[in-house]
Amino acid sequence: MRTLHALFLLPLLGGSIASHPVLNGPAMAYLGSQVVLRCSASDSSLPVTYELRKDGLLIDARAHLQEVQPASFSLKVTGRSGGLYHCETKTEGSVGISNSIRFNVVTPASNTRVISDPFPAVLYEGSRMVLRCDTAKGSHLSYSWFFNKKQVTSATSPRLHITGNQLVMERATPEHTGAYSCMAWSRVQDVQRFSSSSEVKVIVKVHLSKPEISLSIFKEGTGYRGNVTCWSSRGTVPANFSLLVDDKMMASVVASDSVSAWFSVAVVPGLDMGVARCWVKNEVQELMSEPLTLEVVPVGGDVNVEVQYVYRSDSTLAAALLTCHVSRGSFPFVSWLFNNATLPSETQMDFKGQQVRPQFALMDWGRTLVLAKLDSEDSGFYQCRARDRYDNSNPWLESGAVLIQIKDWMLDNRPQEAASPETAPMVTEIIAIIFCCFLLLTLAVSSYCVYRMIDNKKGLRSSTAPNATSDVLPLSIPIFHLEGKQADTCSTGCSINSQIVESPV
């Protein structure tokens, strides 16, 4: 930027003041380059002398005797060339003072490097990091930052902030892991010079999650061995895993490839071998898993099949889910039978749920069989069988056969009042129960009526049998107190005003 400064007016003795000369030239230049400053005063009288001054001190002078023309001053830019320049014109009896130019020496950047805080550039997620772009030399510099060879901008990296020569990560995330470099540069007119640093590798570590623990078992010779697996779903290696059984350290290993470790333990099926825990730690964390009882329960008890039907929004049958329930067993191996034939073949089974054939799929380690594409050919008897996964020589336990009937009307649109295959048996049972209850009620009412009829006939015979002279009446016949006198009998049509009294015993 060019700044004009009015320095001062020189008093003149016995003459007039000349018009102001004009000084032209660059405001900055690279160190070691050549610059030219021109001082012109078109209205000066001859002879005229041009003087170039820096910070008020004379550094060069030019004299023009024949004609008025600009004076050119060539300068070799050094480290001392920076300052405030102006020129003066001197004629007989007058002095002219030009505008001033603030001249700056621009030193190109060199030996650029990236310095990290903290150092080395390794930190955990959520921490703060500052990268600084330093140069051995340089002035009037601007800075550009690069992440994995792509320039960092507010649009591409909103979580990275550039302040002066610093790149700031307020809360580092794993996505900030990568190679960082910077470039220091300067520009003079159309000339740009720059110096780039080498790359610095930044590693943002992920905190370990709570470890998990699992047990698998395999046959080894005539005995069995257990494999305890410890793992964390997230975290940065290396991490130290340890296995504790009943709070005693059994083994320890440093995981460097993945956040997991395996430990071999002795196992006896049916015997409780203790309570195991996984312990994982790094330089900032120590975490413990939930307890796991080292007990392998052999497959046994009852095996049953549960059937569920899945319908679409238009009430058509979409699929059938058959679930095999085993009463006990830590590691059951489940196989399915269709009309006494293995379905699907065990060589096609994928216990993690991969579809083995277009119309069949297995889930939950084979415990659930999904009949995905149903037709009438899928009707038949289904059953499951189970045995210990770790020993193929153990016998199978089979469930009872379950009949699945798939008819065409189940797969097409049905009237709303039509019963589904699940609800039809239930409706039949409800109707049967209601009918039985009605029949029992009818029998009870009929029995009561017959009993009353027999009882009434006995009472009628007893009322006509007693002797007229007898003073004792049967207990079943009420004794009436007649108004006026006591009567032995009362014929039909008598007008009697009576009330019941207690009969003496």
# chains A, B, ... in the order shown; residues from 1 in each chain; ligands from 1
$ residues_around --residues "A:Thr222" --least-positions-apart "2" --cutoff "12 Å" --atoms "only C-alpha atoms" --output "PyMOL selection string"
chain A and resi 218-220+224-225+268+391+393
$ residues_around --residues "A:Gln192" --least-positions-apart "3" --cutoff "12 Å" --atoms "only C-alpha atoms" --output "VMD selection string"
chain A and resid 29 to 30 106 to 109 140 to 142 184 to 189 195
$ residues_around --residues "A:Leu337" --least-positions-apart "4" --cutoff "6 Å" --atoms "only C-alpha atoms" --output "PyMOL selection string"
chain A and resi 341-343+382-384
$ write_last_selection --atoms "N, CA and C atoms" --output "JSON list (two decimals), in the first residue's frame"
[["chain", "number", "residue", "atom", "x", "y", "z"],
["A", 341, "ALA", "N", -37.01, -86.15, 6.30],
["A", 341, "ALA", "CA", -35.79, -85.92, 5.54],
["A", 341, "ALA", "C", -35.16, -84.62, 6.02],
["A", 342, "THR", "N", -33.82, -84.60, 6.08],
["A", 342, "THR", "CA", -33.11, -83.42, 6.58],
["A", 342, "THR", "C", -33.38, -82.24, 5.67],
["A", 343, "LEU", "N", -33.77, -81.12, 6.27],
["A", 343, "LEU", "CA", -34.09, -79.93, 5.49],
["A", 343, "LEU", "C", -33.54, -78.71, 6.22],
["A", 382, "TYR", "N", -43.02, -81.08, 9.94],
["A", 382, "TYR", "CA", -41.73, -80.49, 10.25],
["A", 382, "TYR", "C", -41.37, -80.84, 11.70],
["A", 383, "GLN", "N", -40.12, -81.12, 11.91],
["A", 383, "GLN", "CA", -39.63, -81.32, 13.26],
["A", 383, "GLN", "C", -38.15, -80.94, 13.33],
["A", 384, "CYS", "N", -37.67, -80.68, 14.52],
["A", 384, "CYS", "CA", -36.27, -80.33, 14.70],
["A", 384, "CYS", "C", -35.63, -81.33, 15.65]]
$ closest_residue --among "A:Ala319, A:Pro238, A:Val114, A:Asp60" --to "A:Phe360" --atoms "only C-alpha atoms"
A:Ala319
$ select_by_dssp --residues "stretch 226-375 of chain A" --states "strand (DSSP E or B)" --output "number ranges by chain"
A: 226-231, 239-245, 248-255, 260-266, 272-281, 286-288, 292-295, 300-311, 317-328, 332-338, 341-342, 355-357, 360-363, 368-371
$ closest_residue --among "A:Ala155, A:Lys54, A:Ser289, A:Ser116" --to "A:Val202" --atoms "only C-alpha atoms"
A:Ser116
$ residues_around --residues "A:Thr173" --least-positions-apart "3" --cutoff "7 Å" --atoms "only C-alpha atoms" --output "list of chain:residue names"
A:Glu125, A:Gly126, A:His176, A:Val204
$ write_last_selection --atoms "N, CA and C atoms" --output "tab-separated table (two decimals), in the first residue's frame"
chain	number	residue	atom	x	y	z
A	125	GLU	N	-9.35	-39.20	21.21
A	125	GLU	CA	-10.50	-38.46	20.72
A	125	GLU	C	-11.05	-37.55	21.82
A	126	GLY	N	-11.47	-36.34	21.39
A	126	GLY	CA	-11.97	-35.35	22.34
A	126	GLY	C	-10.90	-34.41	22.85
A	176	HIS	N	-9.87	-37.24	12.09
A	176	HIS	CA	-8.74	-36.31	11.95
A	176	HIS	C	-7.41	-37.03	11.81
A	204	VAL	N	-5.19	-40.03	15.97
A	204	VAL	CA	-6.23	-39.79	16.99
A	204	VAL	C	-6.73	-41.16	17.44
$ closest_residue --among "A:Asp134, A:Asp246, A:Asp55, A:Asp257" --to "A:Thr293" --atoms "only C-alpha atoms"
A:Asp246
$ select_by_dssp --residues "stretch 287-417 of chain A" --states "helix (DSSP H, G or I)" --output "compact mmCIF listing (two decimals) with N, CA, C and O atoms, in the first residue's frame"
# COMPACT_ATOMS: atom_id res chain seq x y z
N GLU A 346 -27.29 -80.38 5.77
CA GLU A 346 -26.43 -79.74 6.74
C GLU A 346 -25.22 -79.10 6.09
O GLU A 346 -24.59 -78.21 6.65
N THR A 347 -24.85 -79.53 4.86
CA THR A 347 -23.72 -78.92 4.17
C THR A 347 -24.07 -77.54 3.66
O THR A 347 -23.20 -76.75 3.34
N GLN A 348 -25.38 -77.21 3.56
CA GLN A 348 -25.81 -75.91 3.07
C GLN A 348 -26.13 -74.94 4.20
O GLN A 348 -26.46 -73.81 3.96
N SER A 376 -48.08 -74.99 -1.95
CA SER A 376 -48.68 -76.21 -1.42
C SER A 376 -47.65 -77.33 -1.24
O SER A 376 -47.86 -78.23 -0.43
N GLU A 377 -46.53 -77.27 -1.96
CA GLU A 377 -45.51 -78.30 -1.81
C GLU A 377 -44.79 -78.21 -0.47
O GLU A 377 -44.11 -79.16 -0.07
N ASP A 378 -44.92 -77.08 0.20
CA ASP A 378 -44.30 -76.92 1.52
C ASP A 378 -45.13 -77.54 2.63
O ASP A 378 -44.70 -77.55 3.79
N ASP A 408 -53.85 -72.99 -1.35
CA ASP A 408 -53.82 -71.86 -2.28
C ASP A 408 -54.60 -70.67 -1.75
O ASP A 408 -54.22 -69.51 -1.96
N TRP A 409 -55.72 -70.94 -1.05
CA TRP A 409 -56.54 -69.82 -0.59
C TRP A 409 -55.83 -69.01 0.49
O TRP A 409 -56.14 -67.84 0.72
N MET A 410 -54.85 -69.61 1.16
CA MET A 410 -54.07 -68.85 2.14
C MET A 410 -53.13 -67.85 1.48
O MET A 410 -52.76 -66.84 2.09
N LEU A 411 -52.71 -68.15 0.25
CA LEU A 411 -51.74 -67.31 -0.43
C LEU A 411 -52.40 -66.24 -1.28
O LEU A 411 -51.71 -65.34 -1.78
$ atom_distance --atom1 "atom CA of A:Ala372" --atom2 "atom CA of A:Arg387"
25.8 Å
$ atom_distance --atom1 "atom CA of A:Pro26" --atom2 "atom CA of A:Ser45"
27.5 Å
$ atom_distance --atom1 "atom CA of A:Cys39" --atom2 "atom CA of A:Gly83"
16.9 Å
$ closest_residue --among "A:Val305, A:Leu322, A:Ala276, A:Leu271" --to "A:Thr368" --atoms "only C-alpha atoms"
A:Leu322
$ residues_around --residues "A:Leu23" --least-positions-apart "4" --cutoff "10 Å" --atoms "only C-alpha atoms" --output "list in words"
Leu37, Arg38, Cys39, Ser40, Ala41, Leu52, Pro70, Ala71, Ser72, Tyr85, His86, Cys87, Glu88, Ile97, Ser98, Asn99, Ser100 and Ile101 of chain A
$ write_last_selection --atoms "all heavy atoms" --output "compact mmCIF listing (two decimals), in the first residue's frame"
# COMPACT_ATOMS: atom_id res chain seq x y z
N LEU A 37 12.94 3.59 -8.73
CA LEU A 37 12.07 4.67 -8.26
C LEU A 37 12.26 5.85 -9.21
O LEU A 37 13.40 6.22 -9.53
CB LEU A 37 12.43 5.06 -6.83
CG LEU A 37 12.29 3.95 -5.77
CD1 LEU A 37 12.74 4.47 -4.41
CD2 LEU A 37 10.87 3.45 -5.68
N ARG A 38 11.16 6.45 -9.65
CA ARG A 38 11.21 7.57 -10.59
C ARG A 38 10.63 8.82 -9.93
O ARG A 38 9.54 8.78 -9.38
CB ARG A 38 10.45 7.25 -11.87
CG ARG A 38 11.13 6.22 -12.74
CD ARG A 38 10.34 5.97 -14.00
NE ARG A 38 11.05 5.09 -14.91
CZ ARG A 38 11.03 3.76 -14.87
NH1 ARG A 38 10.31 3.17 -13.91
NH2 ARG A 38 11.71 3.05 -15.74
N CYS A 39 11.43 9.90 -10.05
CA CYS A 39 10.99 11.20 -9.51
C CYS A 39 10.83 12.16 -10.69
O CYS A 39 11.77 12.36 -11.47
CB CYS A 39 12.04 11.72 -8.53
SG CYS A 39 11.54 13.26 -7.71
N SER A 40 9.62 12.75 -10.83
CA SER A 40 9.35 13.65 -11.96
C SER A 40 8.79 14.98 -11.45
O SER A 40 8.05 15.02 -10.47
CB SER A 40 8.36 12.99 -12.93
OG SER A 40 7.14 12.73 -12.28
N ALA A 41 9.23 16.07 -12.14
CA ALA A 41 8.71 17.42 -11.83
C ALA A 41 8.67 18.19 -13.14
O ALA A 41 9.65 18.81 -13.57
CB ALA A 41 9.60 18.11 -10.81
N LEU A 52 17.10 11.60 -3.98
CA LEU A 52 16.30 10.53 -3.39
C LEU A 52 16.72 10.37 -1.93
O LEU A 52 17.92 10.19 -1.64
CB LEU A 52 16.49 9.21 -4.14
CG LEU A 52 15.69 8.01 -3.61
CD1 LEU A 52 14.18 8.26 -3.76
CD2 LEU A 52 16.09 6.72 -4.33
N PRO A 70 12.06 12.94 -16.00
CA PRO A 70 12.10 12.21 -14.72
C PRO A 70 13.49 11.64 -14.45
O PRO A 70 14.21 11.27 -15.37
CB PRO A 70 11.07 11.11 -14.91
CG PRO A 70 10.19 11.57 -16.01
CD PRO A 70 11.05 12.38 -16.93
N ALA A 71 13.77 11.55 -13.17
CA ALA A 71 15.02 10.94 -12.73
C ALA A 71 14.73 9.54 -12.22
O ALA A 71 13.80 9.33 -11.43
CB ALA A 71 15.66 11.77 -11.63
N SER A 72 15.49 8.58 -12.67
CA SER A 72 15.31 7.18 -12.27
C SER A 72 16.42 6.78 -11.31
O SER A 72 17.61 7.00 -11.59
CB SER A 72 15.33 6.26 -13.50
OG SER A 72 14.26 6.57 -14.37
N TYR A 85 10.56 6.57 1.70
CA TYR A 85 11.30 7.24 0.63
C TYR A 85 10.51 8.45 0.12
O TYR A 85 9.28 8.40 0.04
CB TYR A 85 11.54 6.27 -0.54
CG TYR A 85 12.58 5.20 -0.27
CD1 TYR A 85 12.25 4.05 0.47
CD2 TYR A 85 13.86 5.32 -0.76
CE1 TYR A 85 13.19 3.08 0.73
CE2 TYR A 85 14.83 4.33 -0.51
CZ TYR A 85 14.48 3.21 0.23
OH TYR A 85 15.42 2.25 0.48
N HIS A 86 11.27 9.51 -0.24
CA HIS A 86 10.70 10.64 -0.97
C HIS A 86 11.82 11.26 -1.81
O HIS A 86 13.01 10.97 -1.60
CB HIS A 86 10.07 11.67 -0.04
CG HIS A 86 11.05 12.53 0.68
ND1 HIS A 86 11.68 12.14 1.84
CD2 HIS A 86 11.52 13.78 0.38
CE1 HIS A 86 12.51 13.09 2.25
NE2 HIS A 86 12.43 14.12 1.37
N CYS A 87 11.45 12.11 -2.76
CA CYS A 87 12.46 12.79 -3.57
C CYS A 87 12.27 14.30 -3.45
O CYS A 87 11.17 14.78 -3.14
CB CYS A 87 12.42 12.34 -5.02
SG CYS A 87 10.96 12.86 -5.94
N GLU A 88 13.35 15.02 -3.72
CA GLU A 88 13.33 16.47 -3.69
C GLU A 88 13.91 17.01 -4.99
O GLU A 88 14.84 16.42 -5.56
CB GLU A 88 14.14 17.01 -2.51
CG GLU A 88 13.59 16.61 -1.15
CD GLU A 88 14.43 17.15 0.00
OE1 GLU A 88 15.44 17.83 -0.29
OE2 GLU A 88 14.09 16.86 1.16
N ILE A 97 9.31 19.07 -2.72
CA ILE A 97 9.30 17.82 -1.97
C ILE A 97 8.15 16.94 -2.47
O ILE A 97 7.00 17.39 -2.53
CB ILE A 97 9.17 18.06 -0.46
CG1 ILE A 97 10.32 18.94 0.04
CG2 ILE A 97 9.14 16.73 0.30
CD1 ILE A 97 10.20 19.33 1.48
N SER A 98 8.47 15.70 -2.79
CA SER A 98 7.48 14.77 -3.37
C SER A 98 6.69 14.06 -2.27
O SER A 98 6.92 14.25 -1.08
CB SER A 98 8.20 13.73 -4.24
OG SER A 98 8.87 12.79 -3.40
N ASN A 99 5.80 13.26 -2.76
CA ASN A 99 5.08 12.32 -1.89
C ASN A 99 6.06 11.28 -1.35
O ASN A 99 7.17 11.12 -1.86
CB ASN A 99 3.98 11.63 -2.65
CG ASN A 99 4.50 10.89 -3.89
OD1 ASN A 99 4.96 11.55 -4.84
ND2 ASN A 99 4.43 9.56 -3.87
N SER A 100 5.61 10.53 -0.32
CA SER A 100 6.46 9.51 0.28
C SER A 100 5.94 8.10 -0.04
O SER A 100 4.74 7.89 -0.21
CB SER A 100 6.52 9.67 1.81
OG SER A 100 7.10 10.94 2.14
N ILE A 101 6.85 7.18 -0.13
CA ILE A 101 6.52 5.77 -0.37
C ILE A 101 7.12 4.94 0.75
O ILE A 101 8.34 5.00 0.99
CB ILE A 101 7.06 5.29 -1.74
CG1 ILE A 101 6.37 6.04 -2.89
CG2 ILE A 101 6.85 3.77 -1.89
CD1 ILE A 101 6.92 5.66 -4.26
